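Chemist: Data: protein.cif, mmCIF, C-alpha atoms.
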```cif
data_coords
#
loop_
_atom_site.group_PDB
_atom_site.id
_atom_site.type_symbol
_atom_site.label_atom_id
_atom_site.label_comp_id
_atom_site.auth_asym_id
_atom_site.auth_seq_id
_atom_site.Cartn_x
_atom_site.Cartn_y
_atom_site.Cartn_z
ATOM 1 C CA MET P 1 -53.401 45.572 102.909
ATOM 2 C CA THR P 2 -52.323 43.032 100.328
ATOM 3 C CA ARG P 3 -50.832 39.766 101.546
ATOM 4 C CA PRO P 4 -47.766 38.393 99.775
ATOM 5 C CA LEU P 5 -48.443 35.522 97.398
ATOM 6 C CA TRP P 6 -46.183 33.122 99.335
ATOM 7 C CA GLU P 7 -47.959 33.702 102.642
ATOM 8 C CA PRO P 8 -50.082 30.659 103.573
ATOM 9 C CA ARG P 9 -53.770 31.118 103.021
ATOM 10 C CA GLU P 10 -56.593 29.274 104.691
ATOM 11 C CA ARG P 11 -58.175 28.261 101.388
ATOM 12 C CA LEU P 12 -54.926 26.792 100.108
ATOM 13 C CA SER P 13 -54.486 24.921 103.404
ATOM 14 C CA ASP P 14 -57.969 23.455 103.009
ATOM 15 C CA VAL P 15 -57.129 22.251 99.507
ATOM 16 C CA THR P 16 -53.800 20.725 100.541
ATOM 17 C CA LEU P 17 -55.434 19.063 103.564
ATOM 18 C CA MET P 18 -58.094 17.607 101.274
ATOM 19 C CA LEU P 19 -55.463 16.325 98.833
ATOM 20 C CA LEU P 20 -53.412 14.776 101.633
ATOM 21 C CA ARG P 21 -56.532 13.193 103.120
ATOM 22 C CA VAL P 22 -57.788 11.811 99.795
ATOM 23 C CA VAL P 23 -54.411 10.463 98.673
ATOM 24 C CA THR P 24 -53.754 8.854 102.060
ATOM 25 C CA GLY P 25 -57.234 7.323 102.122
ATOM 26 C CA ALA P 26 -56.915 6.057 98.563
ATOM 27 C CA PHE P 27 -53.544 4.502 99.419
ATOM 28 C CA LEU P 28 -55.064 2.689 102.404
ATOM 29 C CA VAL P 29 -58.015 1.410 100.356
ATOM 30 C CA TYR P 30 -55.755 0.311 97.507
ATOM 31 C CA SER P 31 -53.238 -1.431 99.758
ATOM 32 C CA THR P 32 -55.876 -3.399 101.702
ATOM 33 C CA GLN P 33 -58.497 -4.194 99.076
ATOM 34 C CA ASP P 34 -56.776 -7.467 98.152
ATOM 35 C CA ASN P 35 -57.082 -8.677 101.761
ATOM 36 C CA VAL P 36 -60.705 -7.540 101.929
ATOM 37 C CA PHE P 37 -61.738 -9.337 98.757
ATOM 38 C CA SER P 38 -59.481 -12.427 98.926
ATOM 39 C CA ALA P 39 -59.609 -14.972 101.750
ATOM 40 C CA GLU P 40 -56.268 -16.333 100.556
ATOM 41 C CA ARG P 41 -54.558 -12.936 100.895
ATOM 42 C CA MET P 42 -56.154 -12.463 104.317
ATOM 43 C CA GLN P 43 -54.687 -15.805 105.419
ATOM 44 C CA GLU P 44 -51.257 -14.624 104.265
ATOM 45 C CA PHE P 45 -51.673 -11.588 106.511
ATOM 46 C CA VAL P 46 -52.770 -13.807 109.407
ATOM 47 C CA LYS P 47 -49.533 -15.806 108.991
ATOM 48 C CA PHE P 48 -47.514 -12.583 108.797
ATOM 49 C CA LEU P 49 -48.983 -11.352 112.083
ATOM 50 C CA ALA P 50 -48.367 -14.747 113.713
ATOM 51 C CA GLN P 51 -44.714 -14.590 112.626
ATOM 52 C CA HIS P 52 -44.395 -11.194 114.319
ATOM 53 C CA GLY P 53 -45.817 -12.385 117.620
ATOM 54 C CA PHE P 54 -49.277 -10.863 117.518
ATOM 55 C CA ALA P 55 -51.824 -12.373 119.885
ATOM 56 C CA TRP P 56 -54.892 -13.856 118.149
ATOM 57 C CA PRO P 57 -53.660 -13.195 114.590
ATOM 58 C CA GLN P 58 -56.829 -14.736 113.118
ATOM 59 C CA TRP P 59 -58.770 -11.862 114.765
ATOM 60 C CA MET P 60 -56.141 -9.132 114.555
ATOM 61 C CA ALA P 61 -55.579 -9.492 110.796
ATOM 62 C CA PRO P 62 -59.172 -8.710 109.757
ATOM 63 C CA LEU P 63 -59.414 -6.026 112.444
ATOM 64 C CA SER P 64 -56.304 -4.284 111.107
ATOM 65 C CA VAL P 65 -57.280 -4.687 107.458
ATOM 66 C CA TYR P 66 -60.816 -3.374 107.962
ATOM 67 C CA ALA P 67 -59.572 -0.507 110.136
ATOM 68 C CA GLN P 68 -57.339 0.537 107.251
ATOM 69 C CA PHE P 69 -59.901 -0.097 104.503
ATOM 70 C CA VAL P 70 -62.867 1.585 106.186
ATOM 71 C CA GLY P 71 -60.628 4.311 107.597
ATOM 72 C CA GLY P 72 -59.313 4.959 104.098
ATOM 73 C CA VAL P 73 -62.825 5.250 102.675
ATOM 74 C CA LEU P 74 -63.747 7.667 105.468
ATOM 75 C CA LEU P 75 -60.646 9.778 104.794
ATOM 76 C CA VAL P 76 -61.450 9.975 101.080
ATOM 77 C CA LEU P 77 -64.961 11.161 101.925
ATOM 78 C CA GLY P 78 -63.860 13.431 104.764
ATOM 79 C CA LEU P 79 -66.430 11.680 106.960
ATOM 80 C CA PHE P 80 -65.792 11.030 110.671
ATOM 81 C CA THR P 81 -62.253 12.134 109.848
ATOM 82 C CA ARG P 82 -61.099 12.631 113.433
ATOM 83 C CA TRP P 83 -62.237 9.135 114.465
ATOM 84 C CA ALA P 84 -60.799 7.557 111.332
ATOM 85 C CA GLY P 85 -57.498 9.311 111.969
ATOM 86 C CA ALA P 86 -57.366 8.096 115.571
ATOM 87 C CA VAL P 87 -58.058 4.480 114.576
ATOM 88 C CA ILE P 88 -55.526 4.551 111.738
ATOM 89 C CA ALA P 89 -52.882 6.158 113.987
ATOM 90 C CA PHE P 90 -53.391 3.443 116.588
ATOM 91 C CA ASN P 91 -53.267 0.690 113.954
ATOM 92 C CA PHE P 92 -50.009 1.912 112.439
ATOM 93 C CA GLY P 93 -48.562 2.749 115.853
ATOM 94 C CA VAL P 94 -48.940 -0.927 116.726
ATOM 95 C CA ALA P 95 -47.360 -1.844 113.381
ATOM 96 C CA VAL P 96 -44.343 0.383 114.089
ATOM 97 C CA VAL P 97 -43.797 -1.187 117.509
ATOM 98 C CA MET P 98 -44.560 -4.814 116.639
ATOM 99 C CA VAL P 99 -43.152 -5.109 113.117
ATOM 100 C CA HIS P 100 -41.020 -2.196 111.985
ATOM 101 C CA TRP P 101 -39.125 -1.131 115.099
ATOM 102 C CA ALA P 102 -36.471 -3.835 114.617
ATOM 103 C CA GLN P 103 -35.773 -2.541 111.098
ATOM 104 C CA ASP P 104 -33.598 0.407 110.220
ATOM 105 C CA PHE P 105 -35.082 3.880 109.826
ATOM 106 C CA ARG P 106 -36.006 3.288 106.181
ATOM 107 C CA GLY P 107 -37.933 0.162 107.187
ATOM 108 C CA TRP P 108 -40.226 1.839 109.675
ATOM 109 C CA TRP P 109 -40.467 5.236 108.012
ATOM 110 C CA PRO P 110 -43.601 4.496 105.868
ATOM 111 C CA ALA P 111 -45.608 3.200 108.845
ATOM 112 C CA LEU P 112 -44.418 6.097 111.011
ATOM 113 C CA VAL P 113 -45.480 8.605 108.352
ATOM 114 C CA LEU P 114 -48.937 7.015 108.316
ATOM 115 C CA VAL P 115 -49.086 7.369 112.125
ATOM 116 C CA LEU P 116 -48.211 11.062 111.851
ATOM 117 C CA LEU P 117 -50.616 11.720 108.980
ATOM 118 C CA ALA P 118 -53.419 9.972 110.842
ATOM 119 C CA LEU P 119 -52.651 11.938 114.018
ATOM 120 C CA HIS P 120 -52.876 15.114 111.955
ATOM 121 C CA PHE P 121 -56.282 14.081 110.584
ATOM 122 C CA ALA P 122 -57.425 13.209 114.120
ATOM 123 C CA ALA P 123 -56.343 16.649 115.345
ATOM 124 C CA ALA P 124 -57.277 18.812 112.356
ATOM 125 C CA GLY P 125 -60.340 16.991 111.061
ATOM 126 C CA GLY P 126 -61.200 16.850 107.390
ATOM 127 C CA GLY P 127 -61.042 20.539 106.552
ATOM 128 C CA ALA P 128 -63.521 22.540 104.525
ATOM 129 C CA HIS P 129 -63.756 20.073 101.625
ATOM 130 C CA GLY P 130 -65.278 16.958 103.124
ATOM 131 C CA LEU P 131 -68.543 15.528 104.345
ATOM 132 C CA ASP P 132 -67.746 16.454 107.966
ATOM 133 C CA ALA P 133 -67.760 20.162 107.024
ATOM 134 C CA TRP P 134 -70.892 19.747 104.923
ATOM 135 C CA MET P 135 -72.746 17.985 107.781
ATOM 136 C CA HIS P 136 -71.565 20.618 110.275
ATOM 137 C CA ALA P 137 -72.857 23.395 108.023
ATOM 138 C CA ARG P 138 -76.233 21.668 107.590
ATOM 139 C CA ARG P 139 -76.564 21.117 111.350
ATOM 140 C CA HIS P 140 -75.937 24.775 111.993
ATOM 141 C CA GLY P 141 -78.217 26.072 109.232
ATOM 142 C CA ARG P 142 -75.465 27.156 106.823
ATOM 143 C CA LYS P 143 -75.227 26.097 103.200
#
```
Kindly return the structure encoded in the file as structure tokens.
Modeler:
Amino acid sequence: MTRPLWEPRERLSDVTLMLLRVVTGAFLVYSTQDNVFSAERMQEFVKFLAQHGFAWPQWMAPLSVYAQFVGGVLLVLGLFTRWAGAVIAFNFGVAVVMVHWAQDFRGWWPALVLVLLALHFAAAGGGAHGLDAWMHARRHGRK
């Protein structure tokens, strides 16, 4: 029996999951790399967190930045995708509550989308096109 062209296919879902994972990870790496590589930019983020009432902003800023940066790298690679997704979802969940909630819908939409994407990665994993799948196949004797 032939399936209609418009019917979702597992292979296409794996490709779209990979694209979503890679683009999201690349966005996180790109948007945090300035804080990772510049002490001055990190201090700006520390001040931002202090203005929004975060406890211990001098510790929370690097924790948040590195969670996003490392999590983004892991998403791009499809490595430890479920863990990376959980950490990123938590990080942006805190951002929605602490920073964006007082804004209108357009203000907190980007952070909320990142929460939902990260929750999806935590639930679905990295798909067939990532290092998680490759390591799973090697562990179970498949190539």
Chemist: Restricting the calculation to all atoms listed in the file, which member of P:Trp134, P:Phe121, P:Trp56, P:Phe48 is positioned closest to Gly71 in chain P?
Modeler: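 The shortest atom-to-atom distance to Gly71 in chain P comes from P:Phe121.
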Chemist: If we count only C-alpha atoms, what is near range 26-33 of chain P at a cut-off of 9 Å, once residues fewer than 5 positions away on the same chain are taken out, given as a PDB file with C-alpha atoms, keeping the file's coordinate frame?
Modeler:
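Resulting contents of selection_20.pdb:
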```
ATOM      1  CA  ARG P  21     -56.532  13.193 103.120  1.00  0.00           C
ATOM      2  CA  SER P  38     -59.481 -12.427  98.926  1.00  0.00           C
ATOM      3  CA  VAL P  65     -57.280  -4.687 107.458  1.00  0.00           C
ATOM      4  CA  TYR P  66     -60.816  -3.374 107.962  1.00  0.00           C
ATOM      5  CA  GLN P  68     -57.339   0.537 107.251  1.00  0.00           C
ATOM      6  CA  PHE P  69     -59.901  -0.097 104.503  1.00  0.00           C
ATOM      7  CA  VAL P  70     -62.867   1.585 106.186  1.00  0.00           C
ATOM      8  CA  GLY P  71     -60.628   4.311 107.597  1.00  0.00           C
ATOM      9  CA  GLY P  72     -59.313   4.959 104.098  1.00  0.00           C
ATOM     10  CA  VAL P  73     -62.825   5.250 102.675  1.00  0.00           C
ATOM     11  CA  LEU P  75     -60.646   9.778 104.794  1.00  0.00           C
ATOM     12  CA  VAL P  76     -61.450   9.975 101.080  1.00  0.00           C
TER      13      VAL P  76
END
```
Chemist: So that I can see what lies close to Val94 in chain P, please list as a ChimeraX atom specification the residues with an atom at most 10 Å from it, counting only C-alpha atoms and leaving out residues fewer than 5 positions away in the same chain.
Modeler: /P:54,64,88-89,99-101,111,115
Chemist: Got a sec to check which residues sit within 12 Å of (-58.0, 12.5, 108.3), counting only C-alpha atoms, and write them as a PDB file with C-alpha atoms, in the coordinates of the input?
Modeler:
```pdb
ATOM      1  CA  LEU P  17     -55.434  19.063 103.564  1.00  0.00           C
ATOM      2  CA  MET P  18     -58.094  17.607 101.274  1.00  0.00           C
ATOM      3  CA  LEU P  19     -55.463  16.325  98.833  1.00  0.00           C
ATOM      4  CA  LEU P  20     -53.412  14.776 101.633  1.00  0.00           C
ATOM      5  CA  ARG P  21     -56.532  13.193 103.120  1.00  0.00           C
ATOM      6  CA  VAL P  22     -57.788  11.811  99.795  1.00  0.00           C
ATOM      7  CA  VAL P  23     -54.411  10.463  98.673  1.00  0.00           C
ATOM      8  CA  THR P  24     -53.754   8.854 102.060  1.00  0.00           C
ATOM      9  CA  GLY P  25     -57.234   7.323 102.122  1.00  0.00           C
ATOM     10  CA  ALA P  26     -56.915   6.057  98.563  1.00  0.00           C
ATOM     11  CA  LEU P  28     -55.064   2.689 102.404  1.00  0.00           C
ATOM     12  CA  GLY P  71     -60.628   4.311 107.597  1.00  0.00           C
ATOM     13  CA  GLY P  72     -59.313   4.959 104.098  1.00  0.00           C
ATOM     14  CA  VAL P  73     -62.825   5.250 102.675  1.00  0.00           C
ATOM     15  CA  LEU P  74     -63.747   7.667 105.468  1.00  0.00           C
ATOM     16  CA  LEU P  75     -60.646   9.778 104.794  1.00  0.00           C
ATOM     17  CA  VAL P  76     -61.450   9.975 101.080  1.00  0.00           C
ATOM     18  CA  LEU P  77     -64.961  11.161 101.925  1.00  0.00           C
ATOM     19  CA  GLY P  78     -63.860  13.431 104.764  1.00  0.00           C
ATOM     20  CA  LEU P  79     -66.430  11.680 106.960  1.00  0.00           C
ATOM     21  CA  PHE P  80     -65.792  11.030 110.671  1.00  0.00           C
ATOM     22  CA  THR P  81     -62.253  12.134 109.848  1.00  0.00           C
ATOM     23  CA  ARG P  82     -61.099  12.631 113.433  1.00  0.00           C
ATOM     24  CA  TRP P  83     -62.237   9.135 114.465  1.00  0.00           C
ATOM     25  CA  ALA P  84     -60.799   7.557 111.332  1.00  0.00           C
ATOM     26  CA  GLY P  85     -57.498   9.311 111.969  1.00  0.00           C
ATOM     27  CA  ALA P  86     -57.366   8.096 115.571  1.00  0.00           C
ATOM     28  CA  VAL P  87     -58.058   4.480 114.576  1.00  0.00           C
ATOM     29  CA  ILE P  88     -55.526   4.551 111.738  1.00  0.00           C
ATOM     30  CA  ALA P  89     -52.882   6.158 113.987  1.00  0.00           C
ATOM     31  CA  LEU P 114     -48.937   7.015 108.316  1.00  0.00           C
ATOM     32  CA  VAL P 115     -49.086   7.369 112.125  1.00  0.00           C
ATOM     33  CA  LEU P 116     -48.211  11.062 111.851  1.00  0.00           C
ATOM     34  CA  LEU P 117     -50.616  11.720 108.980  1.00  0.00           C
ATOM     35  CA  ALA P 118     -53.419   9.972 110.842  1.00  0.00           C
ATOM     36  CA  LEU P 119     -52.651  11.938 114.018  1.00  0.00           C
ATOM     37  CA  HIS P 120     -52.876  15.114 111.955  1.00  0.00           C
ATOM     38  CA  PHE P 121     -56.282  14.081 110.584  1.00  0.00           C
ATOM     39  CA  ALA P 122     -57.425  13.209 114.120  1.00  0.00           C
ATOM     40  CA  ALA P 123     -56.343  16.649 115.345  1.00  0.00           C
ATOM     41  CA  ALA P 124     -57.277  18.812 112.356  1.00  0.00           C
ATOM     42  CA  GLY P 125     -60.340  16.991 111.061  1.00  0.00           C
ATOM     43  CA  GLY P 126     -61.200  16.850 107.390  1.00  0.00           C
ATOM     44  CA  GLY P 127     -61.042  20.539 106.552  1.00  0.00           C
ATOM     45  CA  HIS P 129     -63.756  20.073 101.625  1.00  0.00           C
ATOM     46  CA  GLY P 130     -65.278  16.958 103.124  1.00  0.00           C
ATOM     47  CA  LEU P 131     -68.543  15.528 104.345  1.00  0.00           C
ATOM     48  CA  ASP P 132     -67.746  16.454 107.966  1.00  0.00           C
TER      49      ASP P 132
END
```
Chemist: For range 84-97 of chain P, I'd like the enclosing box, axis-aligned and padded by 3 Å on every side, reported as AutoDock Vina command-line options with centre and edge lengths in Å to one decimal.
Modeler:
```
--center_x -52.3 --center_y 3.7 --center_z 114.4 --size_x 23.0 --size_y 17.2 --size_z 12.2
```
Chemist: Please compute the CA of Ala61 in chain P-CA of Val97 in chain P distance, one decimal, in Å.
Modeler: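 Result for CA of Ala61 in chain P versus CA of Val97 in chain P: 15.9 Å, one decimal.
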